[in-house]
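Colleague: Got a structure for you, written out below as structure tokens; questions coming shortly.
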Amino acid sequence: MDNSIVISTPPHVKSKRTTRGIMIDVAIALLPCAIAGCVFFGWRALIVILTGVLSCVATEFVYYFIANKGFSNKCRDAKQVCVRWLKQFDFTSVVTGLILALILPSSTKWYMVLIGGIFSIAVVKMFFGGTGKNLVNPAAAGRVFMFLSFSIVTSCAIASQFGPIVDSSVVISGATNLGGLLPSKSDPVSNLALLDLFLGTGVAGCIGETCKLAILVGYIYLAVRKVIKWYQPLLFIAVFGLVAWLMGGFFYDKYTLDINLFLPNILSGGVLFGAVFMFTDYVTSPKGTYGQLVYYVAGAILLAVLRYLTKIEVASFVILLMNLFVPLIDKYVIGRPFGYKKVKKQKEDK
């Protein structure tokens with residue numbers, strides 16, 4: 001009898017769901033945001049989206065082709081390498097390109113999106129081993145890289161295809177400058193129209209972050225398909241809204257809490273988009289349930305505090321920072337082992 005131990009890498013639980021199937025579900029969930037972005041921002045948004053997806057997919061193919069020696073022997077094995085790439089193609093690069101494009105302003109130049117897509121896939125994903133081995137979210141890293149490299153990605157266009165539904169003196173929710181949204185000494189209560197913030201009408205912002213209704217549709221689809229746990233984005237949003245509301249009280253001469261500041265903080269910038277599509281990333285989030293709770297709560301608090309201090313949208317920076325803490329969370333926040341049952345203590349006989 002062979003008593004040798006067979007060692008294999010996780011996961012050990014087999015399922016009919018595949019990485020390709022999950023990524024297709026995520027891409028479908030992102031479609032409402034992409035469509036809404038094209039409707040609100042016009043053909044410029046479509047160019048950004050197409051450039052983001054094509055650049056990410058092309059970068060993954062070129063990297064795979066070179067790594068698998070497609071150019072050796074005068075490209076004699078090029079056809080076989082292309083066939084192998086198609087068989088292993090799991091749509092992760094499509095999702096990365098979609099997310100990267102949707103968190104960019106429609107005014108971003110095509111070559112900037114191209115460079116951001118190459119950086120996201122080649123440097124952040126493929127250099128670390130490919131799918132499932134990247135340390136941080138590729139789209140968030142690409143967004144931060146573009147933010148530091150190009151000044152144009154800090155300015156957001158207004159959804160000019162539709163004007164604001166509700167008459168409001170201030171209708172602004174930029175992905176960078178939140179000065180018109182957050183309270184201040186001169187204007188402690190912002191005059192934002194919540195309906196416009198929810199629908200994205202007449203609001204300045206990034207392509208996929210502006211229409212919250214489209215994000216909500218994608219969230220419901222992912223929750224129904226069980227791609228994400230329904231309570232994860234809700235926990236993040238609730239904690240963020242609560243902390244942002246408490247921080248907003250410091251703008252008054254005397255600390256005062258105004259309930260009217262709760263919803264505008266949630267419906268502004270990239271909070272909802274990040275909570276649904278980026279914080280829930282399988283690879284860069286903790287594996288255990290308790291670790292995930294710590295991850296979402298800490299990320300929400302950090303985002304609310306940094307937003308208060310900087311007055312700009314810092315969701316991508318917070319996601320990168322929290323991704324780097326995931327190994328520590330997995331190490332020190334230990335959940336109950338799989339199959340563990342608590343042993344009941346037997347009462348001792350008198």
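Each chain in the structure tokens gets a letter, A, B and so on, in the order shown; residues start at 1 in every chain, and ligands are counted from 1 in the order they appear.
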Please extract the residues of range 265-324 of chain A with a backbone DSSP assignment of helix (DSSP H, G or I) and present them as an NGL selection string.
Modeller: :A and (265-266 or 271-278 or 289-310 or 315-324)
Colleague: Those same residues - C-alpha atoms - I'd like them written as a PDB file, in the first residue's frame.
Modeller:
```
ATOM      1  CA  ASN A 265     -21.085  61.316   0.274  1.00  0.00           C
ATOM      2  CA  ILE A 266     -22.158  57.840  -0.830  1.00  0.00           C
ATOM      3  CA  VAL A 271     -17.382  54.938  -3.904  1.00  0.00           C
ATOM      4  CA  LEU A 272     -20.162  52.696  -5.228  1.00  0.00           C
ATOM      5  CA  PHE A 273     -18.197  51.525  -8.265  1.00  0.00           C
ATOM      6  CA  GLY A 274     -15.154  50.661  -6.176  1.00  0.00           C
ATOM      7  CA  ALA A 275     -17.246  48.865  -3.562  1.00  0.00           C
ATOM      8  CA  VAL A 276     -18.998  46.645  -6.128  1.00  0.00           C
ATOM      9  CA  PHE A 277     -16.358  45.948  -8.777  1.00  0.00           C
ATOM     10  CA  MET A 278     -12.918  46.572  -7.235  1.00  0.00           C
ATOM     11  CA  THR A 289     -14.732  35.756   6.202  1.00  0.00           C
ATOM     12  CA  TYR A 290     -13.349  37.555   9.274  1.00  0.00           C
ATOM     13  CA  GLY A 291     -10.445  38.899   7.235  1.00  0.00           C
ATOM     14  CA  GLN A 292     -12.869  40.226   4.638  1.00  0.00           C
ATOM     15  CA  LEU A 293     -14.851  42.037   7.318  1.00  0.00           C
ATOM     16  CA  VAL A 294     -11.662  43.709   8.562  1.00  0.00           C
ATOM     17  CA  TYR A 295     -10.704  44.524   4.980  1.00  0.00           C
ATOM     18  CA  TYR A 296     -13.965  46.260   4.081  1.00  0.00           C
ATOM     19  CA  VAL A 297     -14.342  48.140   7.354  1.00  0.00           C
ATOM     20  CA  ALA A 298     -10.723  49.372   7.371  1.00  0.00           C
ATOM     21  CA  GLY A 299     -10.897  50.343   3.697  1.00  0.00           C
ATOM     22  CA  ALA A 300     -14.132  52.288   4.203  1.00  0.00           C
ATOM     23  CA  ILE A 301     -12.746  54.192   7.192  1.00  0.00           C
ATOM     24  CA  LEU A 302      -9.495  54.988   5.374  1.00  0.00           C
ATOM     25  CA  LEU A 303     -11.339  56.211   2.275  1.00  0.00           C
ATOM     26  CA  ALA A 304     -13.641  58.464   4.309  1.00  0.00           C
ATOM     27  CA  VAL A 305     -10.764  59.998   6.274  1.00  0.00           C
ATOM     28  CA  LEU A 306      -8.533  60.579   3.234  1.00  0.00           C
ATOM     29  CA  ARG A 307     -11.427  62.051   1.309  1.00  0.00           C
ATOM     30  CA  TYR A 308     -12.080  64.470   4.147  1.00  0.00           C
ATOM     31  CA  LEU A 309      -8.428  65.526   4.319  1.00  0.00           C
ATOM     32  CA  THR A 310      -7.654  65.757   0.582  1.00  0.00           C
ATOM     33  CA  ALA A 315     -10.619  55.288  -4.045  1.00  0.00           C
ATOM     34  CA  SER A 316      -7.932  53.786  -6.295  1.00  0.00           C
ATOM     35  CA  PHE A 317      -5.163  54.777  -3.857  1.00  0.00           C
ATOM     36  CA  VAL A 318      -7.064  53.230  -0.945  1.00  0.00           C
ATOM     37  CA  ILE A 319      -7.641  50.009  -2.890  1.00  0.00           C
ATOM     38  CA  LEU A 320      -3.915  49.714  -3.635  1.00  0.00           C
ATOM     39  CA  LEU A 321      -3.003  50.396  -0.019  1.00  0.00           C
ATOM     40  CA  MET A 322      -5.484  47.848   1.331  1.00  0.00           C
ATOM     41  CA  ASN A 323      -4.299  45.263  -1.222  1.00  0.00           C
ATOM     42  CA  LEU A 324      -0.817  45.506   0.273  1.00  0.00           C
TER      43      LEU A 324
END
```
Colleague: So, counting only C-alpha atoms, which residue among A:Leu195, A:Leu235, A:Ala34, A:Leu242 is closest to Leu102 in chain A?
Modeller: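 Nearest candidate to Leu102 in chain A out of A:Leu195, A:Leu235, A:Ala34, A:Leu242: A:Ala34.
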Colleague: Got a sec: who's within 10 Å of range 145-152 of chain A, counting only C-alpha atoms, leaving out chain neighbours fewer than 2 positions off, as a list in words?
Modeller: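 Here the qualifying residues turn out to be Leu104, Pro105, Ser107, Thr108, Lys109, Met112, Val113, Ile115, Gly116, Gly117, Phe119, Ser120, Ala139, Ala140, Ala141, Gly142, Arg143, Thr154, Ser155, Cys156, Thr176 and Ser316 of chain A.
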Colleague: Those same residues, written as a CSV table (one decimal), in the first residue's frame with all heavy atoms?
Modeller:
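After the write, out.csv holds the following:
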```
chain,number,residue,atom,x,y,z
A,104,LEU,N,-12.0,56.2,-15.7
A,104,LEU,CA,-11.3,57.3,-16.3
A,104,LEU,C,-12.3,58.3,-16.8
A,104,LEU,O,-13.4,58.0,-17.2
A,104,LEU,CB,-10.4,56.8,-17.5
A,104,LEU,CG,-9.1,56.0,-17.1
A,104,LEU,CD1,-8.5,55.4,-18.4
A,104,LEU,CD2,-8.1,56.8,-16.3
A,105,PRO,N,-11.9,59.6,-16.9
A,105,PRO,CA,-12.7,60.6,-17.5
A,105,PRO,C,-12.8,60.4,-19.0
A,105,PRO,O,-11.9,59.8,-19.7
A,105,PRO,CB,-12.0,61.9,-17.2
A,105,PRO,CG,-11.1,61.6,-16.2
A,105,PRO,CD,-10.7,60.2,-16.3
A,107,SER,N,-12.5,62.5,-21.2
A,107,SER,CA,-11.6,63.4,-21.9
A,107,SER,C,-10.2,62.8,-22.0
A,107,SER,O,-9.3,63.4,-22.6
A,107,SER,CB,-11.5,64.7,-21.2
A,107,SER,OG,-11.2,64.6,-19.8
A,108,THR,N,-10.0,61.6,-21.5
A,108,THR,CA,-8.6,61.0,-21.5
A,108,THR,C,-8.2,60.7,-22.9
A,108,THR,O,-9.0,60.1,-23.7
A,108,THR,CB,-8.6,59.7,-20.6
A,108,THR,OG1,-9.1,60.0,-19.3
A,108,THR,CG2,-7.2,59.2,-20.5
A,109,LYS,N,-7.0,61.0,-23.3
A,109,LYS,CA,-6.5,60.7,-24.7
A,109,LYS,C,-6.3,59.2,-24.8
A,109,LYS,O,-6.0,58.5,-23.9
A,109,LYS,CB,-5.2,61.4,-24.9
A,109,LYS,CG,-5.3,62.9,-24.7
A,109,LYS,CD,-6.2,63.6,-25.7
A,109,LYS,CE,-6.2,65.1,-25.6
A,109,LYS,NZ,-7.2,65.7,-26.6
A,112,MET,N,-3.0,57.7,-23.7
A,112,MET,CA,-2.9,57.6,-22.3
A,112,MET,C,-3.5,56.3,-21.8
A,112,MET,O,-3.0,55.6,-20.9
A,112,MET,CB,-3.5,58.8,-21.6
A,112,MET,CG,-2.8,60.1,-21.9
A,112,MET,SD,-3.6,61.5,-21.1
A,112,MET,CE,-2.7,62.9,-21.8
A,113,VAL,N,-4.7,56.0,-22.4
A,113,VAL,CA,-5.4,54.8,-22.0
A,113,VAL,C,-4.6,53.5,-22.5
A,113,VAL,O,-4.5,52.5,-21.7
A,113,VAL,CB,-6.8,54.7,-22.7
A,113,VAL,CG1,-7.6,53.5,-22.2
A,113,VAL,CG2,-7.6,56.0,-22.3
A,115,ILE,N,-1.3,53.3,-22.7
A,115,ILE,CA,-0.2,53.2,-21.8
A,115,ILE,C,-0.6,52.6,-20.5
A,115,ILE,O,0.0,51.7,-19.9
A,115,ILE,CB,0.6,54.5,-21.6
A,115,ILE,CG1,1.2,55.0,-22.9
A,115,ILE,CG2,1.6,54.4,-20.5
A,115,ILE,CD1,1.8,56.4,-22.9
A,116,GLY,N,-1.8,53.1,-20.0
A,116,GLY,CA,-2.3,52.6,-18.7
A,116,GLY,C,-2.7,51.1,-18.8
A,116,GLY,O,-2.5,50.4,-17.9
A,117,GLY,N,-3.3,50.7,-20.0
A,117,GLY,CA,-3.6,49.3,-20.2
A,117,GLY,C,-2.4,48.4,-20.2
A,117,GLY,O,-2.3,47.3,-19.6
A,119,PHE,N,0.5,49.0,-18.8
A,119,PHE,CA,1.1,49.0,-17.5
A,119,PHE,C,0.3,48.0,-16.6
A,119,PHE,O,0.9,47.2,-15.8
A,119,PHE,CB,1.1,50.4,-16.9
A,119,PHE,CG,1.6,50.4,-15.4
A,119,PHE,CD1,3.0,50.5,-15.2
A,119,PHE,CD2,0.7,50.4,-14.4
A,119,PHE,CE1,3.5,50.5,-13.9
A,119,PHE,CE2,1.2,50.4,-13.1
A,119,PHE,CZ,2.6,50.5,-12.8
A,120,SER,N,-1.0,48.1,-16.7
A,120,SER,CA,-1.9,47.3,-15.8
A,120,SER,C,-1.6,45.8,-16.0
A,120,SER,O,-1.6,45.0,-15.1
A,120,SER,CB,-3.4,47.6,-16.1
A,120,SER,OG,-3.6,48.9,-15.7
A,139,ALA,N,-6.3,47.2,-12.5
A,139,ALA,CA,-7.0,48.4,-12.9
A,139,ALA,C,-6.8,49.6,-12.0
A,139,ALA,O,-6.5,50.7,-12.4
A,139,ALA,CB,-8.5,48.2,-13.0
A,140,ALA,N,-6.8,49.3,-10.7
A,140,ALA,CA,-6.5,50.4,-9.7
A,140,ALA,C,-5.1,50.9,-9.9
A,140,ALA,O,-4.8,52.1,-9.8
A,140,ALA,CB,-6.8,49.9,-8.3
A,141,ALA,N,-4.1,50.0,-10.0
A,141,ALA,CA,-2.7,50.4,-10.2
A,141,ALA,C,-2.5,51.2,-11.5
A,141,ALA,O,-1.8,52.1,-11.5
A,141,ALA,CB,-1.9,49.1,-10.2
A,142,GLY,N,-3.2,50.7,-12.6
A,142,GLY,CA,-3.2,51.5,-13.8
A,142,GLY,C,-3.7,52.9,-13.7
A,142,GLY,O,-3.2,53.9,-14.2
A,143,ARG,N,-4.8,53.0,-12.9
A,143,ARG,CA,-5.4,54.3,-12.7
A,143,ARG,C,-4.5,55.3,-11.9
A,143,ARG,O,-4.3,56.4,-12.3
A,143,ARG,CB,-6.7,54.2,-12.0
A,143,ARG,CG,-7.4,55.5,-11.6
A,143,ARG,CD,-7.9,56.2,-12.9
A,143,ARG,NE,-8.7,57.4,-12.6
A,143,ARG,CZ,-8.2,58.6,-12.3
A,143,ARG,NH1,-6.9,58.8,-12.2
A,143,ARG,NH2,-9.1,59.6,-12.0
A,154,THR,N,-7.1,64.0,-14.2
A,154,THR,CA,-7.6,64.6,-13.0
A,154,THR,C,-8.8,65.5,-13.3
A,154,THR,O,-9.4,66.0,-12.3
A,154,THR,CB,-6.5,65.4,-12.3
A,154,THR,OG1,-6.1,66.5,-13.2
A,154,THR,CG2,-5.3,64.6,-12.0
A,155,SER,N,-9.1,65.8,-14.5
A,155,SER,CA,-10.2,66.6,-14.9
A,155,SER,C,-11.3,65.8,-15.5
A,155,SER,O,-11.1,65.0,-16.4
A,155,SER,CB,-9.8,67.7,-15.8
A,155,SER,OG,-9.2,67.2,-17.0
A,156,CYS,N,-12.6,66.0,-15.0
A,156,CYS,CA,-13.7,65.2,-15.5
A,156,CYS,C,-14.7,66.1,-16.3
A,156,CYS,O,-15.0,67.2,-15.8
A,156,CYS,CB,-14.4,64.5,-14.3
A,156,CYS,SG,-13.4,63.3,-13.5
A,176,THR,N,-12.1,63.5,-9.1
A,176,THR,CA,-10.9,64.1,-8.4
A,176,THR,C,-11.3,65.2,-7.5
A,176,THR,O,-11.1,65.1,-6.3
A,176,THR,CB,-9.9,64.6,-9.5
A,176,THR,OG1,-9.6,63.5,-10.3
A,176,THR,CG2,-8.7,65.1,-8.9
A,316,SER,N,-9.0,54.7,-5.7
A,316,SER,CA,-7.9,53.8,-6.3
A,316,SER,C,-6.7,53.7,-5.4
A,316,SER,O,-6.1,52.6,-5.2
A,316,SER,CB,-7.5,54.3,-7.7
A,316,SER,OG,-8.6,54.3,-8.6
```
Colleague: Measuring atom to atom with only C-alpha atoms, identify which of A:Met247, A:Leu261, A:Leu98, A:Ala122 is nearest to Gly52 in chain A.
Modeller: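 Residue with the minimum atom-to-atom distance to Gly52 in chain A: A:Leu98.
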Colleague: Please, what distance in Å, to one decimal, runs between CA of Ile24 in chain A and CA of Phe91 in chain A?
Modeller: 6.6 Å
Colleague: What does the distance between CA of Glu209 in chain A and CA of Gly248 in chain A come to in Å, to one decimal place?
Modeller: 22.4 Å
Colleague: Measure the distance from CA of Phe61 in chain A to CA of Phe128 in chain A in Å and round it to one decimal.
Modeller: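 Going from CA of Phe61 in chain A over to CA of Phe128 in chain A, I get 15.7 Å.
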